[in-house]
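K.L.:
Once you've had a glance at the structure underneath, I'll fire off some questions.
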Amino acid sequence: MLAAVLYGQEDLRLEQQAPPAPGPGEVLLRVTAATTCGTDLKVWRRGGHAKMLRPPTRFGHEGAGHIAALGDGVTGWRVGDRVVANNSAPCMGCFFCQKQEYSLCTNLVFNNGTFAEFLTIPAPIVQHNLLPIPEGMSDAIAAMTEPLACVLHGLSRSNIQPGDRVVILGDGAIGLMFVAALSLGYGVGGERGERRKERKTKNEKRNLFVLRSSLFPHANTPTLLAKSSSSAVAPHGSRSARRLGHRRGSTIAWWRMCLGW
């Protein structure tokens with residue numbers, strides 16, 4: 001099979017390798033779509049990542065495809081199923097997992113190698129974070145599940161209420177997902193990711209503002225979410241975002257390296 005292998009800083013090579021075989025609890029995925037995350041770019045530039053991977057290793061962590069083989073003990077899935085495998089899974093046993101703060105798990109299992117024709121999905125991800133692709137959804141769109149999950153997770157923590165004014169700094173893929181999710185009512189009214197029907201009364205208009213990153217040279221990575229007329233948010237704690245509101249507002253800062261989201 002053809003695979004992209006990261007050897008070090010800005011050293012990514014296409015190689016022919018033997019297809020992997022799934023171990024117990026694992027599935028073998030025939031990759032049909034793989035997207036490039038901002039973290040992938042950062043890891044390529046730096047030559048590695050302290051938690052996710054160490055070169056040489058297959059590269060890429062967002063993707064979708066069809067199950068090609070099942071490891072021993074796998075139930076609930078069949079060869080040919082269309083699935084998306086998220087890039088990590090919690091251990092379910094550490095301090096943070098016991099408090100249901102799974103994105104802070106100290107023993108996350110990572111999934112790398114989507115830039116290849118085949119990929120084995122680790123057993124914890126098969127158990128917790130392997131998802132079926134619904135009818136009518138393309139594999140390419142399904143491969144965006146992880147970044148969308150990050151957006152919904154951020155919204156669930158934002159405490160946005162009907163009538164709040166929201167500022168989004170950064171109009172990349174993540175920023176646009178924030179706009180789309182908010183326009184559909186996700187995360188509004190403290191509903192943790194659940195859709196809320198938009199109220200269109202005079203006192204409950206939802207106001208969204210997308211500010212291009214070029215307007216904020218020091219806030220040039222997506223995404224920044226600023227909530228309400230009295231608050232703002234910016235990547236890496238940018239002062240520009242804080243000046244958009246005051247201390248009573250809510251702030252959601254987005255980093256590309258948020259592990260487990």
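Residue numbering restarts at 1 in every chain; chains get A, B, ... in the order shown in the structure tokens, and ligands count up from 1 in that same order.
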With a cut-off of 7 Å, could you pull out the residues of region 111-149 of chain A touching region 68-91 of chain A and give me the nearest pair of atoms for each, distance in Å to one decimal, using only C-alpha atoms, ordered by chain and ascending number, as a Markdown table?
P.N.:
```
| residue | atom | partner | partner_atom | distance |
| --- | --- | --- | --- | --- |
| A:Asn111 | CA | A:Asn87 | CA | 4.7 |
| A:Pro124 | CA | A:Ala89 | CA | 5.9 |
| A:Ile125 | CA | A:Ala89 | CA | 5.1 |
| A:His128 | CA | A:Ala89 | CA | 6.4 |
| A:Asn129 | CA | A:Asn86 | CA | 5.6 |
| A:Leu130 | CA | A:Ala85 | CA | 4.6 |
| A:Leu131 | CA | A:Val84 | CA | 5.3 |
| A:Pro132 | CA | A:Val83 | CA | 4.5 |
| A:Ile133 | CA | A:Val83 | CA | 5.1 |
| A:Ala142 | CA | A:Val84 | CA | 6.4 |
| A:Ala143 | CA | A:Val84 | CA | 6.3 |
| A:Glu146 | CA | A:Asn86 | CA | 6.0 |
```
K.L.:
Grab the residues selected above and save them as a PDB file, in the first residue's frame with C-alpha atoms.
P.N.:
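Once everything was written out, this is again-v5.pdb:
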```pdb
ATOM      1  CA  ASN A 111      -4.819   7.186  15.970  1.00  0.00           C
ATOM      2  CA  PRO A 124     -10.019   1.719  22.534  1.00  0.00           C
ATOM      3  CA  ILE A 125     -11.063   3.871  19.570  1.00  0.00           C
ATOM      4  CA  HIS A 128     -15.477   4.376  22.146  1.00  0.00           C
ATOM      5  CA  ASN A 129     -14.927   6.547  19.067  1.00  0.00           C
ATOM      6  CA  LEU A 130     -15.664   4.573  15.900  1.00  0.00           C
ATOM      7  CA  LEU A 131     -18.789   6.025  14.319  1.00  0.00           C
ATOM      8  CA  PRO A 132     -21.025   4.856  11.435  1.00  0.00           C
ATOM      9  CA  ILE A 133     -21.376   7.221   8.491  1.00  0.00           C
ATOM     10  CA  ALA A 142     -17.590  12.491   7.473  1.00  0.00           C
ATOM     11  CA  ALA A 143     -13.812  12.920   7.745  1.00  0.00           C
ATOM     12  CA  GLU A 146     -13.331  15.517  14.705  1.00  0.00           C
TER      13      GLU A 146
END
```
K.L.:
Give me the residues near Lys42 (chain A) as a list in words, where near means some atom within 10 Å (using only C-alpha atoms) and where sequence neighbours in that chain fewer than 4 positions away do not count.
P.N.:
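Final neighbour list, sorted by chain and number: Gln9, Glu10, Cys37, Gly38, Arg46, Gly47, Gly48, His49, Arg256 and Met257 of chain A.
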K.L.:
Could you jot down the CA of Ala181 (chain A) to CA of Gln127 (chain A) separation for me, Å, one decimal place?
P.N.:
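Straight-line distance from CA of Ala181 (chain A) to CA of Gln127 (chain A) works out to 27.3 Å.
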K.L.:
Report the distance between CA of Met1 (chain A) and CA of Ile67 (chain A) in Å, rounded to one decimal place.
P.N.:
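Separation of CA of Met1 (chain A) and CA of Ile67 (chain A): 15.8 Å.
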K.L.:
What is the distance between CA of Leu6 (chain A) and CA of Arg54 (chain A), in Å to one decimal?
P.N.:
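Those two atoms sit 8.6 Å apart.
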K.L.:
Just asking: which residues within region 56-126 of chain A are strand (DSSP E) according to DSSP, as number ranges by chain?
P.N.:
A: 57-58, 62-70, 82-85, 88-89, 109-110, 118-121
K.L.:
Selection from above, N, CA, C and O atoms, as a PDB file, in the first residue's frame, can you write it?
P.N.:
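selection.pdb written:
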```
ATOM      1  N   THR A  57       6.976   7.604  11.495  1.00  0.00           N
ATOM      2  CA  THR A  57       5.643   7.064  11.704  1.00  0.00           C
ATOM      3  C   THR A  57       4.724   7.466  10.558  1.00  0.00           C
ATOM      4  O   THR A  57       4.960   8.484   9.896  1.00  0.00           O
ATOM      5  N   ARG A  58       3.700   6.665  10.338  1.00  0.00           N
ATOM      6  CA  ARG A  58       2.679   7.066   9.375  1.00  0.00           C
ATOM      7  C   ARG A  58       1.986   8.327   9.879  1.00  0.00           C
ATOM      8  O   ARG A  58       1.863   8.541  11.087  1.00  0.00           O
ATOM      9  N   GLU A  62      -7.071  12.495  10.630  1.00  0.00           N
ATOM     10  CA  GLU A  62      -8.493  12.685  10.338  1.00  0.00           C
ATOM     11  C   GLU A  62      -8.827  11.913   9.064  1.00  0.00           C
ATOM     12  O   GLU A  62      -8.196  12.124   8.024  1.00  0.00           O
ATOM     13  N   GLY A  63      -9.819  11.038   9.136  1.00  0.00           N
ATOM     14  CA  GLY A  63     -10.144  10.272   7.943  1.00  0.00           C
ATOM     15  C   GLY A  63     -11.403   9.446   8.096  1.00  0.00           C
ATOM     16  O   GLY A  63     -11.968   9.315   9.189  1.00  0.00           O
ATOM     17  N   ALA A  64     -11.849   8.899   6.984  1.00  0.00           N
ATOM     18  CA  ALA A  64     -13.025   8.034   6.948  1.00  0.00           C
ATOM     19  C   ALA A  64     -12.785   6.952   5.907  1.00  0.00           C
ATOM     20  O   ALA A  64     -11.893   7.066   5.057  1.00  0.00           O
ATOM     21  N   GLY A  65     -13.590   5.910   5.978  1.00  0.00           N
ATOM     22  CA  GLY A  65     -13.410   4.841   5.002  1.00  0.00           C
ATOM     23  C   GLY A  65     -14.340   3.676   5.250  1.00  0.00           C
ATOM     24  O   GLY A  65     -15.378   3.805   5.913  1.00  0.00           O
ATOM     25  N   HIS A  66     -13.941   2.496   4.719  1.00  0.00           N
ATOM     26  CA  HIS A  66     -14.746   1.283   4.823  1.00  0.00           C
ATOM     27  C   HIS A  66     -13.962   0.233   5.598  1.00  0.00           C
ATOM     28  O   HIS A  66     -12.745   0.091   5.417  1.00  0.00           O
ATOM     29  N   ILE A  67     -14.643  -0.507   6.458  1.00  0.00           N
ATOM     30  CA  ILE A  67     -13.981  -1.567   7.208  1.00  0.00           C
ATOM     31  C   ILE A  67     -13.589  -2.690   6.254  1.00  0.00           C
ATOM     32  O   ILE A  67     -14.429  -3.235   5.535  1.00  0.00           O
ATOM     33  N   ALA A  68     -12.286  -3.015   6.260  1.00  0.00           N
ATOM     34  CA  ALA A  68     -11.770  -4.056   5.365  1.00  0.00           C
ATOM     35  C   ALA A  68     -11.578  -5.387   6.075  1.00  0.00           C
ATOM     36  O   ALA A  68     -11.596  -6.446   5.432  1.00  0.00           O
ATOM     37  N   ALA A  69     -11.356  -5.358   7.387  1.00  0.00           N
ATOM     38  CA  ALA A  69     -11.165  -6.594   8.148  1.00  0.00           C
ATOM     39  C   ALA A  69     -11.423  -6.308   9.612  1.00  0.00           C
ATOM     40  O   ALA A  69     -11.247  -5.177  10.085  1.00  0.00           O
ATOM     41  N   LEU A  70     -11.820  -7.355  10.350  1.00  0.00           N
ATOM     42  CA  LEU A  70     -12.111  -7.245  11.774  1.00  0.00           C
ATOM     43  C   LEU A  70     -11.126  -8.076  12.573  1.00  0.00           C
ATOM     44  O   LEU A  70     -10.822  -9.219  12.212  1.00  0.00           O
ATOM     45  N   ARG A  82     -19.262   1.651   6.412  1.00  0.00           N
ATOM     46  CA  ARG A  82     -18.640   2.966   6.252  1.00  0.00           C
ATOM     47  C   ARG A  82     -18.536   3.621   7.624  1.00  0.00           C
ATOM     48  O   ARG A  82     -19.529   3.773   8.325  1.00  0.00           O
ATOM     49  N   VAL A  83     -17.319   4.031   8.000  1.00  0.00           N
ATOM     50  CA  VAL A  83     -17.102   4.542   9.346  1.00  0.00           C
ATOM     51  C   VAL A  83     -16.125   5.707   9.324  1.00  0.00           C
ATOM     52  O   VAL A  83     -15.359   5.897   8.379  1.00  0.00           O
ATOM     53  N   VAL A  84     -16.173   6.473  10.401  1.00  0.00           N
ATOM     54  CA  VAL A  84     -15.156   7.486  10.676  1.00  0.00           C
ATOM     55  C   VAL A  84     -14.583   7.172  12.048  1.00  0.00           C
ATOM     56  O   VAL A  84     -15.321   6.913  13.001  1.00  0.00           O
ATOM     57  N   ALA A  85     -13.251   7.152  12.141  1.00  0.00           N
ATOM     58  CA  ALA A  85     -12.578   6.862  13.407  1.00  0.00           C
ATOM     59  C   ALA A  85     -11.977   8.152  13.939  1.00  0.00           C
ATOM     60  O   ALA A  85     -11.109   8.755  13.298  1.00  0.00           O
ATOM     61  N   SER A  88      -8.602   9.898  18.785  1.00  0.00           N
ATOM     62  CA  SER A  88      -8.157   9.499  20.105  1.00  0.00           C
ATOM     63  C   SER A  88      -9.306   8.842  20.860  1.00  0.00           C
ATOM     64  O   SER A  88     -10.464   8.919  20.452  1.00  0.00           O
ATOM     65  N   ALA A  89      -8.955   8.218  21.974  1.00  0.00           N
ATOM     66  CA  ALA A  89      -9.963   7.633  22.871  1.00  0.00           C
ATOM     67  C   ALA A  89      -9.442   7.713  24.295  1.00  0.00           C
ATOM     68  O   ALA A  89      -8.245   7.535  24.537  1.00  0.00           O
ATOM     69  N   VAL A 109      -5.280   7.346  23.952  1.00  0.00           N
ATOM     70  CA  VAL A 109      -4.756   6.512  22.870  1.00  0.00           C
ATOM     71  C   VAL A 109      -4.993   7.254  21.567  1.00  0.00           C
ATOM     72  O   VAL A 109      -6.105   7.705  21.289  1.00  0.00           O
ATOM     73  N   PHE A 110      -3.953   7.416  20.769  1.00  0.00           N
ATOM     74  CA  PHE A 110      -4.055   8.199  19.541  1.00  0.00           C
ATOM     75  C   PHE A 110      -4.102   7.312  18.303  1.00  0.00           C
ATOM     76  O   PHE A 110      -3.640   6.168  18.309  1.00  0.00           O
ATOM     77  N   PHE A 118      -4.488   1.962   3.852  1.00  0.00           N
ATOM     78  CA  PHE A 118      -5.102   1.171   4.916  1.00  0.00           C
ATOM     79  C   PHE A 118      -4.594   1.666   6.272  1.00  0.00           C
ATOM     80  O   PHE A 118      -3.480   2.172   6.392  1.00  0.00           O
ATOM     81  N   LEU A 119      -5.431   1.478   7.298  1.00  0.00           N
ATOM     82  CA  LEU A 119      -5.107   1.946   8.641  1.00  0.00           C
ATOM     83  C   LEU A 119      -5.757   1.029   9.659  1.00  0.00           C
ATOM     84  O   LEU A 119      -6.943   0.710   9.549  1.00  0.00           O
ATOM     85  N   THR A 120      -4.992   0.598  10.662  1.00  0.00           N
ATOM     86  CA  THR A 120      -5.583  -0.162  11.767  1.00  0.00           C
ATOM     87  C   THR A 120      -6.078   0.819  12.824  1.00  0.00           C
ATOM     88  O   THR A 120      -5.374   1.755  13.206  1.00  0.00           O
ATOM     89  N   ILE A 121      -7.283   0.605  13.306  1.00  0.00           N
ATOM     90  CA  ILE A 121      -7.879   1.453  14.326  1.00  0.00           C
ATOM     91  C   ILE A 121      -7.674   0.785  15.684  1.00  0.00           C
ATOM     92  O   ILE A 121      -8.122  -0.349  15.890  1.00  0.00           O
TER      93      ILE A 121
END
```
K.L.:
Under the rule that only C-alpha atoms are counted, which of A:Lys51, A:Glu101, A:His61, A:Val126 is the nearest residue to Glu26 (chain A)?
P.N.:
A:Val126
K.L.:
Quick one: of A:Cys94, A:Met144, A:Ile174, A:Leu41, who's nearest to Asp11 (chain A), counting only C-alpha atoms?
P.N.:
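Once distances to Asp11 (chain A) are computed over only C-alpha atoms, the minimum belongs to A:Leu41.
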K.L.:
Restricting the calculation to only C-alpha atoms, which member of A:Met92, A:Ala21, A:Asp164, A:Leu155 is positioned closest to Val179 (chain A)?
P.N.:
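Smallest separation from Val179 (chain A) among the options: A:Leu155.
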K.L.:
Counting only C-alpha atoms, which of A:Thr39, A:Lys99, A:Tyr7, A:Leu14 gets nearest to Pro56 (chain A)?
P.N.:
A:Tyr7
K.L.:
As a list of chain:residue names, please: every residue in region 108-171 of chain A that a backbone DSSP assignment puts in helix (DSSP H, G or I).
P.N.:
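Residues of region 108-171 of chain A classed as helix (DSSP H, G or I): A:Ala123, A:Pro124, A:Ile125, A:Val126, A:Gln127, A:His128, A:Asp139, A:Ala140, A:Ile141, A:Ala142, A:Thr145, A:Glu146, A:Pro147, A:Leu148, A:Ala149, A:Cys150, A:Val151, A:Leu152, A:His153, A:Gly154, A:Leu155, A:Ser156.
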